[in-house]
>>> print(open('upload-v5.tsv').read())   # TSV, C-alpha atoms
chain	number	residue	atom	x	y	z
A	1	MET	CA	91.51	83.66	110.08
A	2	GLN	CA	90.80	80.02	105.56
A	3	LEU	CA	92.75	78.86	108.61
A	4	ARG	CA	94.28	82.29	109.22
A	5	ALA	CA	90.84	83.68	109.51
A	6	LEU	CA	90.64	85.77	112.55
A	7	GLY	CA	92.29	88.82	111.61
A	8	SER	CA	93.13	91.77	113.75
A	9	GLY	CA	95.70	89.63	114.19
A	10	ILE	CA	94.12	86.55	114.86
A	11	ALA	CA	96.13	84.34	112.61
A	12	LEU	CA	95.32	80.72	113.13
A	13	GLY	CA	97.29	79.05	110.38
A	14	VAL	CA	100.92	78.16	110.87
A	15	LEU	CA	103.06	78.74	107.80
A	16	SER	CA	106.27	76.77	107.90
A	17	ALA	CA	108.72	76.60	105.02
A	18	ALA	CA	111.98	74.75	104.44
A	19	LEU	CA	115.11	76.65	105.31
A	20	GLY	CA	117.50	74.64	103.19
A	21	ALA	CA	120.65	75.01	105.25
A	22	GLY	CA	118.66	75.73	108.42
A	23	LEU	CA	118.36	78.63	110.80
A	24	VAL	CA	122.11	78.88	111.33
A	25	ALA	CA	122.41	80.07	107.76
A	26	CYS	CA	119.89	82.83	108.31
A	27	PHE	CA	121.65	84.01	111.47
A	28	ASP	CA	124.84	84.30	109.45
A	29	LEU	CA	123.07	86.25	106.72
A	30	PHE	CA	121.69	88.74	109.23
A	31	HIS	CA	125.10	89.38	110.78
A	32	SER	CA	127.97	91.44	109.47
A	33	THR	CA	131.55	90.18	109.74
A	34	SER	CA	132.15	92.63	112.56
A	35	GLY	CA	128.99	91.85	114.51
A	36	ILE	CA	125.32	92.71	114.40
A	37	VAL	CA	124.37	95.58	112.12
A	38	SER	CA	121.76	97.69	113.87
A	39	ALA	CA	118.95	99.62	112.26
A	40	CYS	CA	120.66	102.85	113.28
A	41	ASP	CA	123.83	101.82	111.43
A	42	LEU	CA	121.70	101.35	108.31
A	43	ASP	CA	119.33	104.29	108.60
A	44	ALA	CA	119.91	107.08	111.08
A	45	GLN	CA	116.68	108.77	110.01
A	46	ALA	CA	114.74	105.65	110.95
A	47	CYS	CA	116.08	105.99	114.47
A	48	GLN	CA	115.14	109.67	114.59
A	49	ASP	CA	111.65	108.69	113.45
A	50	ALA	CA	111.37	105.90	116.03
A	51	GLY	CA	108.99	107.92	118.15
A	52	ALA	CA	106.44	107.71	115.35
A	53	GLN	CA	106.81	103.96	114.94
A	54	PRO	CA	104.98	101.20	116.79
A	55	ASP	CA	107.22	100.57	119.76
A	56	GLY	CA	105.87	97.24	120.89
A	57	GLY	CA	104.35	98.73	124.01
A	58	GLY	CA	100.90	98.09	125.38
A	59	GLY	CA	99.63	101.67	125.15
A	60	ASP	CA	96.57	102.58	123.14
A	61	ALA	CA	97.58	106.14	122.25
A	62	GLY	CA	96.90	107.22	118.70
A	63	THR	CA	93.89	107.40	116.41
A	64	ASP	CA	90.47	106.53	117.79
A	65	PHE	CA	89.29	104.06	115.15
A	66	CYS	CA	85.76	104.36	116.49
A	67	SER	CA	85.69	107.85	114.96
A	68	PHE	CA	85.82	106.19	111.52
A	69	SER	CA	82.59	105.71	109.59
A	70	PRO	CA	82.05	102.32	107.90
A	71	VAL	CA	83.10	103.95	104.61
A	72	ASP	CA	86.25	105.36	106.26
A	73	ALA	CA	87.05	101.90	107.65
A	74	VAL	CA	86.92	100.33	104.18
A	75	THR	CA	88.96	103.14	102.64
A	76	HIS	CA	91.69	102.90	105.27
A	77	ALA	CA	91.72	99.09	105.17
A	78	GLN	CA	92.16	99.12	101.38
A	79	HIS	CA	95.01	101.61	101.61
A	80	ALA	CA	96.81	99.80	104.43
A	81	CYS	CA	96.51	96.37	102.84
A	82	ALA	CA	97.36	97.45	99.29
A	83	TRP	CA	100.58	99.12	100.45
A	84	LEU	CA	101.48	96.33	102.87
A	85	GLY	CA	101.26	93.65	100.16
A	86	ALA	CA	103.02	95.78	97.55
A	87	CYS	CA	105.96	96.76	99.73
A	88	GLU	CA	106.44	93.80	102.09
A	89	THR	CA	105.04	91.14	99.67
A	90	PRO	CA	101.67	89.41	100.26
A	91	LYS	CA	103.24	86.71	102.46
A	92	GLY	CA	101.13	85.12	105.17
A	93	ASN	CA	98.64	87.56	106.66
A	94	ASN	CA	99.95	90.31	104.38
A	95	ALA	CA	97.87	88.70	101.60
A	96	PHE	CA	95.31	91.27	100.48
A	97	GLY	CA	92.11	89.35	101.27
A	98	THR	CA	93.25	88.15	104.69
A	99	CYS	CA	94.62	91.60	105.49
A	100	MET	CA	91.29	93.22	104.56
A	101	PHE	CA	89.33	91.03	106.98
A	102	ASP	CA	91.84	91.76	109.73
A	103	ALA	CA	91.98	95.49	108.97
A	104	LEU	CA	88.19	95.84	109.02
A	105	LEU	CA	88.12	94.14	112.42
A	106	ALA	CA	90.46	96.89	113.59
A	107	TYR	CA	88.99	99.92	111.82
A	108	ASP	CA	85.23	99.21	111.93
A	109	CYS	CA	84.13	99.43	115.56
A	110	GLY	CA	80.48	99.06	114.60
A	111	ALA	CA	81.15	95.70	112.97
A	112	ASN	CA	83.37	94.48	115.84
A	113	PRO	CA	82.17	96.32	118.96
A	114	ASN	CA	83.21	93.86	121.67
A	115	HIS	CA	86.82	93.17	120.66
A	116	LEU	CA	88.17	96.62	119.79
A	117	VAL	CA	91.81	96.46	118.75
A	118	ARG	CA	94.37	97.68	121.30
A	119	GLY	CA	98.05	97.61	122.27
A	120	LYS	CA	100.69	96.66	119.72
A	121	ALA	CA	98.07	95.69	117.15
A	122	HIS	CA	96.42	99.12	117.40
A	123	ALA	CA	99.76	100.87	116.96
A	124	LEU	CA	100.56	98.85	113.83
A	125	TRP	CA	97.17	99.37	112.18
A	126	ASP	CA	97.35	103.06	113.09
A	127	CYS	CA	100.69	103.30	111.35
A	128	LEU	CA	99.65	101.46	108.18
A	129	TRP	CA	96.54	103.42	107.18
A	130	GLN	CA	98.64	106.59	106.97
A	131	VAL	CA	101.58	105.36	104.84
A	132	THR	CA	102.51	107.01	101.54
A	133	SER	CA	105.70	105.12	100.62
A	134	CYS	CA	107.38	101.74	100.98
A	135	GLY	CA	109.86	103.32	103.36
A	136	GLU	CA	107.00	104.25	105.67
A	137	VAL	CA	105.53	100.75	105.40
A	138	ALA	CA	108.88	99.27	106.42
A	139	ARG	CA	109.05	101.59	109.44
A	140	CYS	CA	105.58	100.36	110.49
A	141	ILE	CA	106.38	96.66	110.10
A	142	PHE	CA	109.91	96.71	111.54
A	143	PRO	CA	109.83	98.61	114.88
A	144	ALA	CA	113.65	98.50	115.03
A	145	GLY	CA	114.08	99.13	111.29
A	146	PRO	CA	114.56	96.51	108.55
A	147	PRO	CA	117.56	94.25	109.25
A	148	PRO	CA	120.16	93.54	106.57
A	149	CYS	CA	120.14	90.20	104.79
A	150	ARG	CA	122.91	89.16	102.41
A	151	TRP	CA	121.65	87.00	99.57
A	152	ASN	CA	123.85	83.93	98.98
A	153	GLY	CA	121.42	81.71	97.09
A	154	ILE	CA	119.66	80.39	100.19
A	155	ASN	CA	115.95	80.96	100.69
A	156	PHE	CA	114.98	81.28	104.34
A	157	THR	CA	112.46	82.70	106.75
A	158	ALA	CA	113.44	83.80	110.24
A	159	CYS	CA	112.18	85.80	113.18
A	160	GLY	CA	113.37	89.38	113.54
A	161	SER	CA	115.11	88.56	116.81
A	162	ALA	CA	117.59	86.47	114.79
A	163	SER	CA	119.16	89.75	113.67
A	164	GLY	CA	119.78	90.72	117.30
A	165	LEU	CA	117.06	93.40	117.17
A	166	GLN	CA	114.62	92.32	119.88
A	167	ARG	CA	112.10	95.01	118.98
A	168	ASN	CA	111.64	93.09	115.72
A	169	ALA	CA	110.91	89.83	117.55
A	170	ASP	CA	107.30	89.71	116.31
A	171	VAL	CA	108.34	90.00	112.65
A	172	ARG	CA	108.57	86.99	110.35
A	173	ILE	CA	111.22	87.86	107.78
A	174	GLU	CA	111.92	86.49	104.33
A	175	CYS	CA	115.14	87.39	102.54
A	176	LEU	CA	114.63	88.09	98.82
A	177	ASP	CA	117.12	88.03	95.97
A	178	VAL	CA	116.85	91.78	95.36
A	179	ASP	CA	119.88	94.08	95.21
A	180	GLY	CA	122.02	91.54	97.04
A	181	GLY	CA	119.41	90.81	99.70
A	182	LEU	CA	116.16	92.49	100.76
A	183	ALA	CA	114.39	91.71	104.05
A	184	VAL	CA	110.59	91.82	103.81
A	185	GLY	CA	108.39	91.18	106.80
A	186	GLU	CA	105.07	90.03	108.18
A	187	ASN	CA	104.51	91.57	111.61
A	188	CYS	CA	102.67	88.85	113.51
A	189	ALA	CA	101.52	91.37	116.14
A	190	LEU	CA	98.98	92.70	113.62
A	191	GLY	CA	97.09	89.49	114.44
A	192	GLY	CA	97.94	89.38	118.13
A	193	GLN	CA	100.71	86.83	117.67
A	194	THR	CA	104.50	86.70	117.65
A	195	CYS	CA	107.16	85.00	115.52
A	196	SER	CA	108.51	81.56	116.43
A	197	SER	CA	111.25	79.49	114.82
A	198	SER	CA	111.57	75.77	114.22
A	199	ASP	CA	113.69	73.52	112.04
A	200	GLY	CA	111.19	74.27	109.26
A	201	GLY	CA	111.54	78.05	109.41
A	202	ALA	CA	109.62	80.88	111.03
A	203	SER	CA	105.87	81.17	111.60
A	204	CYS	CA	103.38	83.46	113.26
A	205	THR	CA	102.22	81.67	116.42
A	206	GLY	CA	101.06	82.22	119.96
A	207	ALA	CA	103.65	82.82	122.65
A	208	ALA	CA	104.27	79.09	123.27
A	209	GLY	CA	105.43	78.65	119.68
A	210	PHE	CA	106.29	75.08	118.71
A	211	ALA	CA	106.29	73.78	122.28
A	212	CYS	CA	102.57	73.98	123.05
A	213	GLN	CA	101.54	71.39	125.64
A	214	GLN	CA	98.05	72.39	126.78
A	215	SER	CA	95.44	74.97	125.77
A	216	ALA	CA	95.29	77.42	128.65
A	217	CYS	CA	95.48	81.06	129.71
A	218	ALA	CA	98.73	82.70	130.66
A	219	SER	CA	96.82	85.94	130.85
A	220	PRO	CA	96.78	88.04	128.82
A	221	ARG	CA	98.11	85.39	126.42
A	222	LEU	CA	95.75	82.71	125.14
A	223	GLN	CA	97.49	79.42	124.40
A	224	GLN	CA	95.59	77.19	121.94
A	225	CYS	CA	97.41	74.00	120.96
A	226	SER	CA	97.05	72.52	117.50
A	227	GLY	CA	99.34	69.51	117.67
A	228	ASN	CA	102.32	71.00	119.48
A	229	VAL	CA	101.91	74.43	117.85
A	230	ASP	CA	100.37	77.37	119.68
A	231	VAL	CA	97.85	78.98	117.30
A	232	GLY	CA	96.51	81.27	120.02
A	233	ILE	CA	96.78	85.02	120.42
A	234	ASP	CA	97.71	87.65	122.97
A	235	CYS	CA	94.38	88.89	124.32
A	236	ALA	CA	96.11	92.18	125.12
A	237	SER	CA	95.52	92.96	121.43
A	238	ASN	CA	91.73	93.19	121.71
A	239	GLY	CA	88.62	93.56	123.86
A	240	ALA	CA	89.13	93.67	127.61
A	241	GLY	CA	92.78	92.70	127.20
A	242	ALA	CA	92.57	89.48	129.22
A	243	CYS	CA	92.09	85.72	128.77
A	244	GLY	CA	89.70	83.47	130.67
A	245	GLY	CA	88.75	79.79	130.92
A	246	PHE	CA	85.13	78.66	130.56
A	247	PRO	CA	82.65	77.51	131.69
A	248	ALA	CA	84.37	76.38	134.89
A	249	GLY	CA	85.67	79.85	135.68
A	250	GLY	CA	89.32	80.75	135.71
A	251	ASP	CA	91.76	78.52	133.88
A	252	ALA	CA	91.77	75.33	135.99
A	253	GLY	CA	89.36	72.76	134.64
A	254	ALA	CA	88.17	75.01	131.85
A	255	GLN	CA	86.73	73.39	128.74
A	256	TRP	CA	87.88	76.22	126.49
A	257	VAL	CA	89.72	79.53	126.69
A	258	ALA	CA	88.68	82.85	125.14
A	259	CYS	CA	89.71	86.50	125.06
A	260	LEU	CA	87.42	88.56	127.29
A	261	PRO	CA	85.28	91.03	125.34
A	262	GLY	CA	84.19	94.50	126.29
A	263	GLY	CA	80.62	94.56	127.60
A	264	ASP	CA	78.52	93.39	130.52
A	265	ALA	CA	77.95	89.81	131.63
A	266	GLY	CA	74.54	88.29	131.19
A	267	CYS	CA	74.59	85.00	129.30
A	268	THR	CA	75.59	81.42	129.93
A	269	PRO	CA	79.00	80.59	128.40
A	270	SER	CA	78.58	78.57	125.22
A	271	LEU	CA	80.40	77.92	121.96
A	272	GLN	CA	77.20	78.18	119.93
A	273	VAL	CA	76.81	81.10	117.53
A	274	THR	CA	73.54	82.32	116.02
A	275	CYS	CA	72.88	84.56	113.02
A	276	SER	CA	70.29	87.29	112.59
A	277	ALA	CA	68.60	87.84	109.23
A	278	ALA	CA	70.69	91.01	108.83
A	279	GLY	CA	73.96	89.12	109.28
A	280	TYR	CA	74.94	89.69	112.91
A	281	ALA	CA	76.78	86.71	114.43
A	282	THR	CA	76.03	86.54	118.17
A	283	SER	CA	77.81	84.31	120.67
A	284	CYS	CA	78.68	84.00	124.37
A	285	PRO	CA	81.98	82.12	124.81
A	286	SER	CA	82.88	83.98	128.02
A	287	GLY	CA	79.55	84.83	129.67
A	288	VAL	CA	79.34	88.22	127.96
A	289	PRO	CA	77.07	88.68	124.92
A	290	GLU	CA	79.13	89.65	121.88
A	291	SER	CA	78.49	90.08	118.19
A	292	VAL	CA	80.13	90.90	114.88
A	293	TYR	CA	78.47	92.25	111.74
A	294	CYS	CA	79.55	89.84	109.02
A	295	PRO	CA	78.36	91.81	105.92
A	296	ASP	CA	80.71	94.71	106.73
A	297	LEU	CA	83.66	92.47	107.64
A	298	LEU	CA	83.20	90.41	104.47
A	299	GLN	CA	82.06	93.31	102.27
A	300	SER	CA	79.32	90.97	101.05
A	301	ASN	CA	75.81	91.67	99.81
A	302	GLY	CA	74.37	88.65	101.65
A	303	SER	CA	74.44	88.07	105.38
A	304	GLY	CA	77.72	86.13	105.29
A	305	CYS	CA	76.83	84.45	108.58
A	306	VAL	CA	76.72	80.69	109.15
A	307	GLU	CA	75.35	79.36	112.44
A	308	GLY	CA	77.14	76.62	114.32
A	309	THR	CA	79.95	76.29	116.85
A	310	LEU	CA	82.84	78.70	117.31
A	311	SER	CA	85.91	77.03	115.86
A	312	PRO	CA	88.44	77.48	117.30
A	313	PRO	CA	86.68	78.44	120.54
A	314	PHE	CA	88.41	81.81	120.85
A	315	ASP	CA	87.50	82.96	117.31
A	316	TRP	CA	84.42	85.11	117.88
A	317	THR	CA	84.34	85.79	114.10
A	318	SER	CA	84.31	82.17	112.89
A	319	ALA	CA	80.65	82.34	111.77
A	320	CYS	CA	81.49	85.02	109.19
A	321	MET	CA	82.02	83.27	105.85
A	322	VAL	CA	80.61	82.90	102.34
A	323	PRO	CA	80.14	79.16	101.66
A	324	GLY	CA	81.08	78.17	98.13
A	325	GLY	CA	82.81	81.50	97.52
A	326	CYS	CA	86.31	82.33	96.27
A	327	THR	CA	89.34	80.31	97.31
A	328	ALA	CA	92.36	82.48	96.47
A	329	ASP	CA	93.53	86.01	95.71
A	330	ALA	CA	93.66	86.97	92.03
A	331	CYS	CA	94.40	89.80	89.61
A	332	ASP	CA	91.56	91.09	87.45
A	333	ALA	CA	91.75	91.94	83.74
A	334	ASP	CA	92.26	95.65	84.47
A	335	GLY	CA	95.28	95.23	86.75
A	336	GLY	CA	93.32	95.39	89.99
A	337	VAL	CA	93.70	93.01	92.89
A	338	VAL	CA	90.83	90.81	94.08
A	339	GLY	CA	91.53	89.56	97.57
A	340	CYS	CA	89.84	86.49	99.02
A	341	ALA	CA	89.14	85.61	102.65
A	342	ARG	CA	86.54	83.18	104.00
A	343	GLY	CA	84.98	82.91	100.56
A	344	ALA	CA	84.42	86.67	100.29
A	345	THR	CA	86.07	88.86	97.63
A	346	TYR	CA	87.70	92.25	98.20
A	347	PRO	CA	88.31	94.03	94.85
A	348	LEU	CA	90.61	97.04	94.57
A	349	ASP	CA	91.90	99.30	91.80
A	350	CYS	CA	95.66	99.48	92.47
A	351	VAL	CA	96.03	102.79	90.62
A	352	SER	CA	93.61	104.43	93.06
A	353	GLN	CA	96.20	103.78	95.79
A	354	GLY	CA	99.11	105.24	93.85
A	355	LEU	CA	100.44	101.77	93.10
A	356	GLY	CA	101.23	99.77	89.96
A	357	PRO	CA	99.11	96.98	88.45
A	358	CYS	CA	98.45	93.70	90.22
A	359	LYS	CA	100.87	90.80	89.79
A	360	MET	CA	100.92	87.26	91.15
A	361	VAL	CA	103.79	87.09	93.62
A	362	SER	CA	105.58	83.99	94.89
A	363	THR	CA	105.76	84.07	98.68
A	364	ASP	CA	106.75	81.91	101.62
A	365	LEU	CA	109.74	80.42	99.84
A	366	GLY	CA	107.71	79.65	96.75
A	367	THR	CA	105.04	77.65	98.57
A	368	ALA	CA	102.26	80.15	97.85
A	369	MET	CA	101.16	82.62	95.19
A	370	HIS	CA	99.22	85.74	96.05
A	371	ALA	CA	98.00	88.74	94.09
A	372	ALA	CA	99.38	92.15	95.04
A	373	CYS	CA	99.63	95.65	93.67
A	374	THR	CA	103.18	96.64	92.74
A	375	PRO	CA	105.22	99.60	93.95
A	376	MET	CA	105.63	102.40	91.40
>>> encode(input="upload-v5.tsv", output="structure tokens")
Amino acid sequence: MQLRALGSGIALGVLSAALGAGLVACFDLFHSTSGIVSACDLDAQACQDAGAQPDGGGGDAGTDFCSFSPVDAVTHAQHACAWLGACETPKGNNAFGTCMFDALLAYDCGANPNHLVRGKAHALWDCLWQVTSCGEVARCIFPAGPPPCRWNGINFTACGSASGLQRNADVRIECLDVDGGLAVGENCALGGQTCSSSDGGASCTGAAGFACQQSACASPRLQQCSGNVDVGIDCASNGAGACGGFPAGGDAGAQWVACLPGGDAGCTPSLQVTCSAAGYATSCPSGVPESVYCPDLLQSNGSGCVEGTLSPPFDWTSACMVPGGCTADACDADGGVVGCARGATYPLDCVSQGLGPCKMVSTDLGTAMHAACTPM
């Protein structure tokens, strides 16, 4: 989605990290002694600029990504992901390799023709490819503006709603020991998810969060239980914008659930995926033929397509992978970043993006290390 293989928001992995003193501590850190500090109290200009920020709505206004050429899509994905990891840290799906796969799903309509990005996810990706500063990145990731966090020696992750700013509810926040406390965020809506809290911290999940009981459609939301955690997505973020159960029809008695693609019906619902010699992965999880072009999504010379069964059932991209490939992001000898997703590598010269050399960054409360360009 790697477990968080799906991109465009389709984050499948659930990253939980210890909170130490628990969520109560993070609520206290987000609050001032006189009450909740709003984004407007911190940055009046951010409020004036709110009209240019993703507002969490379902509209698709903005750039038509299908006007991008494949070269444009790569260029914009590199820019968006380099700046996202540098400014908001490469935590979770902000990691450069994972971000590149997700961004190419959004920006390259030719490679992903049946599940075009839409809604909140479209607004976020539209914001990120145009950024030129960390301040602009923050305004993309935090629709209500970055919340304050006062560093008191406690590492924690929390959902943006903990600060009282509901427009930040999709954002998974980590408070860093920088200048007395710096909130950096992973906006789960980039992958069609939201932020959920548990005793272990905050994670990007489907709408049911840590109380998932049964895989089902609550259209447009797709609920996919892994244990008691919802690893599903909001189908409003892609394709036809709706969820369906198959092959029984509707949700009752369905064997699996999937986001409905754009296109015309004409195949028998199945979880099998086939690969063409050129690298197209073709499947029919919802009775509509759909395909993705793995070489462009993986930026690989080979086909990058492995036949088999869609896993999880709603991941129409699960066949795209490079077996035996890379396993983690890295920095190269020249200060560039080499992202890794599904075994494929995504190299980038940080200087070409107006950023500093690559460094390995500790993220998710020290549970992970990812390579990222650095802000100048």
>>> closest_residue(input="upload-v5.tsv", among="A:Gly135, A:Gly191, A:Gly366, A:Pro357", to="Leu105 of chain A", atoms="only C-alpha atoms")
A:Gly191
>>> atom_distance(input="upload-v5.tsv", atom1="atom CA of Pro70 of chain A", atom2="atom CA of Leu297 of chain A")
10.0 Å
>>> atom_distance(input="upload-v5.tsv", atom1="atom CA of Val292 of chain A", atom2="atom CA of Thr317 of chain A")
6.7 Å
>>> atom_distance(input="upload-v5.tsv", atom1="atom CA of Lys359 of chain A", atom2="atom CA of Val337 of chain A")
8.1 Å
>>> residues_near_point(input="upload-v5.tsv", point="(84.3, 87.6, 119.4)", cutoff="7 Å", atoms="all atoms listed in the file", output="NGL selection string")
:A and (114-115 or 261 or 290-292 or 315-317)
>>> closest_residue(input="upload-v5.tsv", among="A:Cys159, A:Cys175, A:Cys99, A:Cys66", to="His79 of chain A", atoms="only C-alpha atoms")
A:Cys99
>>> closest_residue(input="upload-v5.tsv", among="A:Ala258, A:Cys109, A:Ala218, A:Met376", to="Leu310 of chain A", atoms="all atoms listed in the file")
A:Ala258
>>> closest_residue(input="upload-v5.tsv", among="A:Gly62, A:Ser67, A:Cys275, A:Pro147", to="Ala121 of chain A", atoms="all atoms listed in the file")
A:Gly62
>>> closest_residue(input="upload-v5.tsv", among="A:Asp179, A:Asn152, A:Gly343, A:Leu260", to="Asn238 of chain A", atoms="only C-alpha atoms")
A:Leu260
>>> residues_around(input="upload-v5.tsv", residues="Cys127 of chain A", least_positions_apart="4", cutoff="7 Å", atoms="all atoms listed in the file", output="PyMOL selection string")
chain A and resi 123+131+140
>>> closest_residue(input="upload-v5.tsv", among="A:Arg172, A:Ala330, A:Gly164, A:Val178", to="Val361 of chain A", atoms="all atoms listed in the file")
A:Ala330
